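Written out below as C-alpha cells is the structure these notes cover.
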Amino acid sequence: MWEPQELGATRSHVDYFKKHRAARIDHYVIEVNKLIIRLEKLTSFDRINSDAAKIRAIEKSVVSWVNDSDVPFCPDCGNKFNIRNRRHHCRLCGSIMCRRCMEFVPLPLAQKLISGTRESLCVPGSPVQSQSPPAGGGGSGMGSRRGSISSLSSVTSMLEEKDDEKIRCCHHCMDTLLKRQQKLEEKDHTPDIVKLYERLRMCMDKVDEKAPEYIRMAESLNAGENTYNLDTAGGLRLEVQKYYELIDALSKKILTLNAKDDPPPHPKAMQLQRMIRYTATLFVQEKLLGLMSLPTKEKYEELKEKRKQEQEKRLQQERLAAQETLKKRQESEKNRPPPSTNGELLQAPRAPRMTKASGWLPSADSGNSRSELQDPLLQQIENIQSFLRQAREAQRTDEKLAEEESLQQGEIHRLKAREREEREHWGPAVGSTQPSVTWERCLGISPTEGIQDEENTEGEELTPKADRSPSSVRAFPALTSQEESPPRLRSLGGHVTPPGGEGQNSTSLNPFEEEDSTPVEEDPSNPFFEDIQREHKEVTNGKKEYNPFDEDEDVREEKQAETAPGNPFEEEEEDSDAGNPFLEASGNSPGVSTNPFDGDDDGEVLPDVDIIEEELLLQQIDNIRAYIFDAKLSGRLDEVELLSENLRELQHTLQEQKKKKH
Amino acid sequence: MNVTLAVKQYISKMIENSGTGMKVLLMDRETTSIVSVVYTQSEILQKEVYLFERIDSQSRDNMKHLKAICFLRPTKENVEHLIQELRRPKYSVYFIYFSNVISKSEIKALAEADEQEVVAEVQEFYGDFIAVNPHLFSLNLHGVARGRSWESSMLSRCTQGLTSVLLALKKCPMIRYQLSSDMSKRLAESVKQIITKEYELFDFRKTEVPPLLLILDRSDDAITPLLNQWTYQAMVHELLGLNNNRIDLSRVPGISKDLKEVVLSAENDEFYANNLYLNFGEIGTNIKNLMEDFQKKKPKGQQKLESISDMKAFVDNYPQFKKMSGTVSKHVTVVGELSRLVSERQLMEVSEVEQELACQNDHSNAQQSVRRLLQNPRLSELDAVRLVMLYALRYERHSSNMLPALMDELSRRGVSERHRKVTTPRSLDVLWTFSGRSLDVLWTPQDIIVFLIGGATYEEALTVYNLNRSSPGVRIVLGGSSIHNTKSFLEEVMSATGQSGDRAQGSSGRHGNRR
C-alpha cells in the first residue's frame with residue numbers, strides 16, 4: 001500500500017561553508033608556506049661548519065627579530081625575563097619566548113617538510129621516507145640535553161651557543177609544522193588494513209557479479225533445461241567458492257591485524273576489524289548459503305528427459321491450436337482481400353524498426369559448413385569468420401557492430417584456445433586413439449558457451465523485442481540478412497552456429513529454438529524445416545550427451561501468438577517458396593525425432609557414475625563446512641556437533657568412493 | 001507518506017554520497033535512536049559503515065583511513081563537539097548532515113574550524129523523528145506538559161520534529177488544531193511560523209487538496225492509553241515495553257542470553273510484519289503454524305542422513321532453516337511471555353471490566369465489577385490503579401459514585417501514594433472519547449498528518465493503519481510526542497500535574513532553597 005516516494009527535502013550549505021572556509025584556509029596556507037620558506041632559508045647553508053655568529057647573522061636576515069626591550073615577560077608562560085631567564089627568539093617568526101617555552105626543529109624534520117612540500121608541488125604522491133625520529137620527542141630531548149649543559153656554562157658561552165643541527169622556534173610555529181608533517185605522512189601512508197580491505201571488497205564485488213550467474217545456471221540445470229552446460233556451471237561454482245575462501249581468509253587476516261602488538265591497538269581499531277570480519281561473515285553466510293547445488297550428471301539426464309517430454313506434449317497441443325488459427329485466418333483472409341492490404345500497411349512500420357535493430361544478420365558460407373561438418377569447432381570458427389567478412393562487406397561501422405566484431409574475434413580466440421586445450425587435455429589420454437571422443441567433448445562445451453552468451457544478453461533481448469514482433473524477426477531471417485545468399489543456406493548457417501552475435505537478434509540466430517518452435521505441420525510457409533532437421537541430425541551425430549536446444553517457453557508462446565494474426569511477410573515468403581521440395585517430407589513429427597540419440601545416453605553416462613558422486617560429495621562437504629563455520633560463529637554448539645557428524649560421514653563416503661574407483 | 005522509508009532514504013543517501021571505503025557513522029544520542037529504528041546493524045554494515053560512534057564520545061581514536069558521516073541534531077552542544085572534532089580531525093573526510101534547520105552563523109563557525117579541509121559535505125537532511133512504523137512516528141519526548149501548558153523546551157523540540165516530518169514527506173500542510181487545547185494552538189502557531197520563515201524549503205508541488213496537519217491533545221482522550229491492548233504490537237508495548245522497536249526481556253524468567261533484548265522490526269521480520277496488527281488469539285494460531293513449519297524444516301537431532309539425496313535436501317534447506325530459527329525463537333519467547341503475563345495478571349478479566357467501564361453505561365454493574373476485581377489478590381497494582389482511573393473518568397460526575405470508597409480500597413491494597421494521587425481527578429473536563437474516536441471522522445481523500453501532543457498509542461496506530469487500508473485516497477500518518485502504554489501515560493500525567501513525586505518535589509525543593 002505504500003508507493004515509492006522521493007527523497008525528502010534537503011538543503012545544502014556546502015557553498016556557504018566553503019566560502020567561509022576558503023578565507024580561513026588561504027590564511028592558513030600562506031602561514032604554513034611562509035614557515036616552510038623560512039625553514040628552507042635557515043637550512044640551506046652549511047650550519048655545522050659555520051660559526052655561531054655567522055649562523056646568527058643569517059638567521060636574523062630571514063626574519064626580523066622582535067626587540068628584546070618590547071617583551072619583558074615570556075608571552076607563553078608569563079615569567080619575567082632576567083639574567084637567568086633569558087630571551088630566546090623564534091627563528092621562524094622572530095617572536096620571543098623563554099627557554100622553557102622554546103622548541104627545536106631538528107634538521108631531518110626540517111628537510112622532510114621542505115622536500116615534502118616541494119614534492120607535493122612537483123611530483124604529487126612520491127613517497128617520503130620517514131626516517132627521522134618523531135619530531136616532537138627528538139626536539140625536546142635535544143633541548144633538555146643542551147639545557148643541562150648550558151646551565152653550567154657561562155653567559156658568554158650561552159651567547160656563543162650554536163644550533164648546528166636544529167632550529168629553535170616558538171611552539172606556535174612548531175605546532176603548525178607538526179600538523180603539516182602529519183598531513184604529509186598521512187598522504188603517503190596506506191595502512192595495512194586499507195590494503196587488505198580493498199582486496200576484500202574486490203572479492204565481494206566478484207561474488208556479486210558471479211553468484212547470480214551461477215544461480216541462474218543452477219536453476220536452469222536443476223529444471224532440466226539445456227541452456228547451460230553442467231561442467232561450466234561446476235567450474236563457475238568452484239570459482240565462486242574460491243572467492244568465498246579468499247573473503248574468509250582476508251577478513252580473518254583483518255581481524256587479527258596487529259592483535260598481538262604491544263601496546264595493543266586502540267579498542268576502536270579492534271572493533272573496526274571485528275566489524276569488517278563480521279560483515280564478511282554475514283556476506284558469506286547470505287550468499288554462500290544461497291548457492292544451490294548442481295544435479296549429478298545422471299540426475300541431470302533424468303531432468304532433461306522429463307522436461308523434454310513435457311515440452312513435447314505442450315508442443316503438440318500448441319501445434320493443434322496454431323493449426324486451427326491458421327486455418328481460420330486463411331479462410332478469413334480469403335474472404336476479405338482488401339483488409340489484407342490494409343494489414344500489410346499497418347504492419348509496414350514494424351519492418352524498418354526491426355531492421356534497424358538487427359539490420360545485419362550473419363550467415364555462414366555454405367560450402368564450409370557442409371564440408372567441415374566433421375569438426376564442429378573448426379566449423380564454428382569458420383562461421384564466425386564468415387560473419388565477420390560479411391559484416392565488413394556490409395560496411396556497418398556503427399559502434400555496436402564494432403563491439404560485436406571484437407566479441408566475435410574474442411570468441412574465435414577462445415574457441416581456438418579451447419580446441420588446443422581440449423586436444424592437449426584429452427588428446428593423449430582418450431582422443432588420440434578415438435577422435436570421436438574429442439569431438440564429443442568439444443561439442444559438449446562449445447555450444448554452451450555460445451548459448452551462455454546469449455543468456456547474458458537476455459535482458460536486453462527480451463525488453464526491446466517485446467513490441468517488436470519477435471515472430472517476424474524469427475520467421476524471416478531472410479529479410480534482414482543479405483539478399484544475395486539463398487535463404488536456405490542462410491538458415492543453415494544460422495543453424496550450425498550457436499548465436500555468435502551478442503545482443504543482436506540472438507533469437508533468430510539460435511537455430512535450435514527456431515526448429516523447436518517452428519510449427520511444422522501447420523506452417524508450410526517455412527521452407528527450411530526439413531533442411532534444419534537434416535542438418536540437425538548431422539550435427540548431433542557428433543555429440544552424444546548434450547542437446548543444446550534452447551527453449552524459452554514464454555517467448556515461444558508469444559511468438560506463436562504473434563505469428564498467427566497474419567504477418568504480411570509470411571505470406572510473401574509463402575508465395576516465393578511455395579514449391580519447396582521439402583514440404584512434404586516435413587510430415588514426420590519433430591517431437592519424436594528431436595534427439596535421435598536419447599537411447600544412447602544412459603549407456604554413455606554409466607561409466608562416469610563414480611566421478612559424479614565424488615563431485616557431489618565434495619560439493620556437499622564444502623557446504624557443510626560453511627555451515628559449521630557459521631554455526632560456530634553464532635555459538636550454536638549442538639548444531640556444530642550435528643554438522644560435524646555429517647561432515648565425517650560425507651568424508652567417509654568419499655573415501656569409499658575413491659577405494660571403489662581404484 | 002511513509003515515514004520509515006523517508007528516514008531510510010535519507011540515511012542511505014548520506015552513505016551513498018560518501019562513496020566507497022570504510023566508514024564511521026557519528027551520531028548523537030537522539031540520532032542514534034532515529035537511525036537504529038529504521039536500520040538493522042547488518043543492513044548498515046553492508047553499506048560499509050563499520051563503526052557507530054557518538055560525537056561526544058571521548059574514546060574515539062585517530063582513524064584516518066575512515067570516512068566519517070555525521071548525522072546530528074543541530075544543537076549547540078553538537079555544533080561545539082563538531083568544531084572540536086574538525087580542529088583535530090580523527091577521520092579523513094567528513095560528510096556532515098544536520099537533522100534540522102541550522103543557522104548560518106553556526107555553519108560559519110564550523111567552516112572556520114575546518115582548517116584541514118576535511119569537510120566534504122554540509123547538508124540538512126530532515127530525519128528528526130523516530131519512524132516507528134511506516135505510518136507512525138514518535139519524538140520520544142516525555143513530560144511535554146506542565147499543567148495545561150508547554151514545558152518550554154518541549155514546544156521547540158516538538159515544532160522541530162513536526163516540521164522535519166513535513167519536510168521529509170515533502171508536505172506543506174494546512175494546519176488544524178484542537179480548539180479546546182491551548183497546547184495544540186501554541187504548537188500549530190509555532191509550526192506555522194517555521195513554515196513562513198523557511199518558505200523556500202516548503203515550496204513543494206501543490207496538490208489539489210492541500211495536505212492536512214491535525215494537532216490534537218492527549219488530554220482529549222485519556223481512556224485509550226489506560227486500556228489493556230490485545231493486538232501484537234500494542235500488547236508488547238503494554239506488557240513488555242517497546243522502546244525504539246526493542247524489547248527488554250531480561251526480566252523474563254529463564255531467558256537465554258541472546259534473547260535478553262530483541263528487536264521487533266516489521267522491516268526485517270516477516271512474521272512480525274504480518275502479525276503486528278493481529279489480535280492475540282490469531283497470533284497464537286500463527287505462532288503454532290510457524291513452529292510446525294519450523295519443525296518440518298529442522299534437521300532432526302539424531303536423524304542420520306542416509307543417502308546423498310538426504311544430505312542434499314538438508315544442505316538446500318539449511319539456509320532457510322537457519323533464518324527461520326532466529327525468528328521462531330524470538331517470537332515464541334515473546335508470545336510465551338505475553339501469555340504468561342496475561343494469565344498471571346488475569347488480564348482477560350481485567351480487560352473485560354475495562355471494556356465494560358469504557359463502553360457501557362451501567363454504573364451499578366461497573367462499580368460492582370471494579371470492587372470485585374480490587375478484592376482479587378492477584379490483581380497487579382497497575383491494573384488496580386488503571387481500573388479506578390477508568391471508573392473515575394467515567395463516573396466521576398455520577399450522583400452516587402463510589403470513588404472515595406474505591407480510593408480507600410486502593411490504599412488498603414497498599415497502592416503507593418504517588419499512584420493514588422494520580423487518580424484524583426484532573427479529568428473533570430476530559431472529553432469523552434474512546435480508542436481513537438477522535439480520529440474516526442469521515443475523511444476526504446487527502447494526505448493527513450495527525451500529531452498527538454502528550455503521546456499516541458499503538459491502539460491509535462492500528463486505527464490509522466485500518467483507515468489507510470479502508471479509505472482509498474486517504475493517507476494518514478500518526479505521530480506523537482511519545483508512544484504510550486499505561487505505565488508511561490501515568491508518568492506523563494504525573495509529570496504534567498506536578499505530582500510525579502521525585503522530580504516535582506526535587507524542583508520545588510530547589511526553589512525553596514533559593515528563597
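Within each chain, counting starts at residue 1; across the C-alpha cells, chains are named A, B, ... in the order shown, with ligands numbered 1 upward in that order.
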Inset, instruction - Enumerate, as a PyMOL selection string, the complete set of residues in segment 5-183 of chain B that a backbone-based DSSP assignment places in strand (DSSP E). - result: chain B and resi 23-27+49-54+63-72+91-98+119-125+130-133+136-138+145-146+149-150+174-177
What does the file look like for those residues with C-alpha atoms, as a PDB file, in the first residue's frame?
ATOM      1  CA  LYS B  23      33.060   4.493   7.072  1.00  0.00           C
ATOM      2  CA  VAL B  24      32.117   5.528  10.562  1.00  0.00           C
ATOM      3  CA  LEU B  25      28.744   6.996  11.458  1.00  0.00           C
ATOM      4  CA  LEU B  26      28.987   9.802  14.012  1.00  0.00           C
ATOM      5  CA  MET B  27      25.723  10.462  15.808  1.00  0.00           C
ATOM      6  CA  VAL B  49      29.617   1.538   7.698  1.00  0.00           C
ATOM      7  CA  TYR B  50      31.568  -0.398  10.306  1.00  0.00           C
ATOM      8  CA  LEU B  51      31.662   1.858  13.321  1.00  0.00           C
ATOM      9  CA  PHE B  52      28.919   3.764  15.066  1.00  0.00           C
ATOM     10  CA  GLU B  53      30.171   6.498  17.328  1.00  0.00           C
ATOM     11  CA  ARG B  54      28.760   9.219  19.489  1.00  0.00           C
ATOM     12  CA  MET B  63      41.497   6.559  12.153  1.00  0.00           C
ATOM     13  CA  LYS B  64      42.492   8.433   9.103  1.00  0.00           C
ATOM     14  CA  HIS B  65      41.530   5.556   6.829  1.00  0.00           C
ATOM     15  CA  LEU B  66      37.867   6.020   7.707  1.00  0.00           C
ATOM     16  CA  LYS B  67      35.378   8.425   6.250  1.00  0.00           C
ATOM     17  CA  ALA B  68      33.038   9.996   8.752  1.00  0.00           C
ATOM     18  CA  ILE B  69      29.359  10.504   8.137  1.00  0.00           C
ATOM     19  CA  CYS B  70      27.986  12.825  10.806  1.00  0.00           C
ATOM     20  CA  PHE B  71      24.255  12.746  11.375  1.00  0.00           C
ATOM     21  CA  LEU B  72      23.496  15.175  14.152  1.00  0.00           C
ATOM     22  CA  TYR B  91      38.967  10.769  10.201  1.00  0.00           C
ATOM     23  CA  SER B  92      39.971  11.548   6.667  1.00  0.00           C
ATOM     24  CA  VAL B  93      36.830  13.188   5.342  1.00  0.00           C
ATOM     25  CA  TYR B  94      33.653  14.467   6.963  1.00  0.00           C
ATOM     26  CA  PHE B  95      30.200  14.363   5.471  1.00  0.00           C
ATOM     27  CA  ILE B  96      28.000  16.401   7.774  1.00  0.00           C
ATOM     28  CA  TYR B  97      24.234  16.153   7.878  1.00  0.00           C
ATOM     29  CA  PHE B  98      22.053  18.014  10.310  1.00  0.00           C
ATOM     30  CA  VAL B 119      34.679  18.603   5.329  1.00  0.00           C
ATOM     31  CA  ALA B 120      33.228  17.465   2.036  1.00  0.00           C
ATOM     32  CA  GLU B 121      29.540  17.971   2.642  1.00  0.00           C
ATOM     33  CA  VAL B 122      27.265  20.047   4.860  1.00  0.00           C
ATOM     34  CA  GLN B 123      23.575  19.467   4.432  1.00  0.00           C
ATOM     35  CA  GLU B 124      20.256  19.434   6.184  1.00  0.00           C
ATOM     36  CA  PHE B 125      18.501  16.062   5.946  1.00  0.00           C
ATOM     37  CA  ILE B 130      11.671   8.282  15.230  1.00  0.00           C
ATOM     38  CA  ALA B 131       9.910   6.342  12.480  1.00  0.00           C
ATOM     39  CA  VAL B 132       8.313   3.529  14.456  1.00  0.00           C
ATOM     40  CA  ASN B 133       6.080   2.133  11.713  1.00  0.00           C
ATOM     41  CA  LEU B 136       3.673   6.108  12.898  1.00  0.00           C
ATOM     42  CA  PHE B 137       6.351   8.381  14.273  1.00  0.00           C
ATOM     43  CA  SER B 138       7.352   9.427  17.750  1.00  0.00           C
ATOM     44  CA  ALA B 145       3.316  19.489  29.621  1.00  0.00           C
ATOM     45  CA  ARG B 146       3.436  21.377  32.842  1.00  0.00           C
ATOM     46  CA  SER B 149       0.751  24.409  29.051  1.00  0.00           C
ATOM     47  CA  TRP B 150       4.003  23.580  27.354  1.00  0.00           C
ATOM     48  CA  MET B 174      -2.947  23.350   6.089  1.00  0.00           C
ATOM     49  CA  ILE B 175      -2.869  23.233   9.893  1.00  0.00           C
ATOM     50  CA  ARG B 176      -5.854  22.441  12.075  1.00  0.00           C
ATOM     51  CA  TYR B 177      -5.750  22.066  15.792  1.00  0.00           C
TER      52      TYR B 177
END
Legend entry - Residue list for chain A near chain B as a PyMOL selection string, 7 Å, only C-alpha atoms: chain A and resi 2+7-14+17-18+20-21+24-25+194+266+268+272+275-276+279+289-290+292+623
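Atom to atom, atom CA of Val63 of chain A and atom CA of Arg38 of chain A stand 7.7 Å apart.
Proximity of A:Glu239, A:Asp638, A:Glu331, A:Glu225 to Gln311 of chain A, computed with only C-alpha atoms, is greatest for A:Glu225.
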Inset, instruction - Give me the residues within 8 Å of Leu294 of chain A as a PyMOL selection string, counting only C-alpha atoms and dropping any in the same chain fewer than 3 places off. - result: chain A and resi 218+221-222+230+233-234+616
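Residues with any atom within 8 Å of segment 78-93 of chain A, counting only C-alpha atoms and excluding same-chain neighbours fewer than 2 positions away, are Leu35, Arg38, Leu39, Glu59, Lys60, Val62, Val63, Ser64, Trp65, Val66, Asp68, Pro72, Phe73, Cys74, Pro75, Asp76, Ser95, Ile96, Met97, Cys98, Arg99, Met102, Ile167, Arg168, Cys169, Cys170 and Cys173 of chain A.
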Go ahead and write the selection's residues with C-alpha atoms as a compact mmCIF listing (two decimals), in the first residue's frame.
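Result went into again_37.txt, see below:
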# COMPACT_ATOMS: atom_id res chain seq x y z
CA LEU A 35 57.26 28.99 7.62
CA ARG A 38 61.98 30.42 6.05
CA LEU A 39 62.89 26.94 7.16
CA GLU A 59 69.04 33.73 10.93
CA LYS A 60 68.42 37.36 11.59
CA VAL A 62 65.49 35.56 7.38
CA VAL A 63 63.02 37.14 9.74
CA SER A 64 63.25 40.37 11.70
CA TRP A 65 63.57 39.66 15.41
CA VAL A 66 61.33 41.34 17.91
CA ASP A 68 64.14 42.44 23.45
CA PRO A 72 59.54 41.96 29.42
CA PHE A 73 57.67 38.72 30.09
CA CYS A 74 57.51 35.43 28.26
CA PRO A 75 54.29 35.66 26.28
CA ASP A 76 53.59 31.96 26.78
CA SER A 95 58.95 36.30 18.41
CA ILE A 96 60.40 35.96 21.88
CA MET A 97 59.95 33.26 24.49
CA CYS A 98 61.79 31.83 27.44
CA ARG A 99 63.97 28.73 27.36
CA MET A 102 61.24 27.12 23.38
CA ILE A 167 66.44 25.39 14.62
CA ARG A 168 64.84 26.99 17.61
CA CYS A 169 61.31 28.20 17.33
CA CYS A 170 58.25 29.03 19.36
CA CYS A 173 55.33 27.61 14.75
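Of the listed residues (B:Lys192, B:Lys330, B:His81, B:Arg218), B:Lys330 comes nearest to Glu261 of chain B; the distances count only C-alpha atoms.
Relative to atom CA of Glu85 of chain B, atom CA of Arg100 of chain A is found at 29.5 Å.
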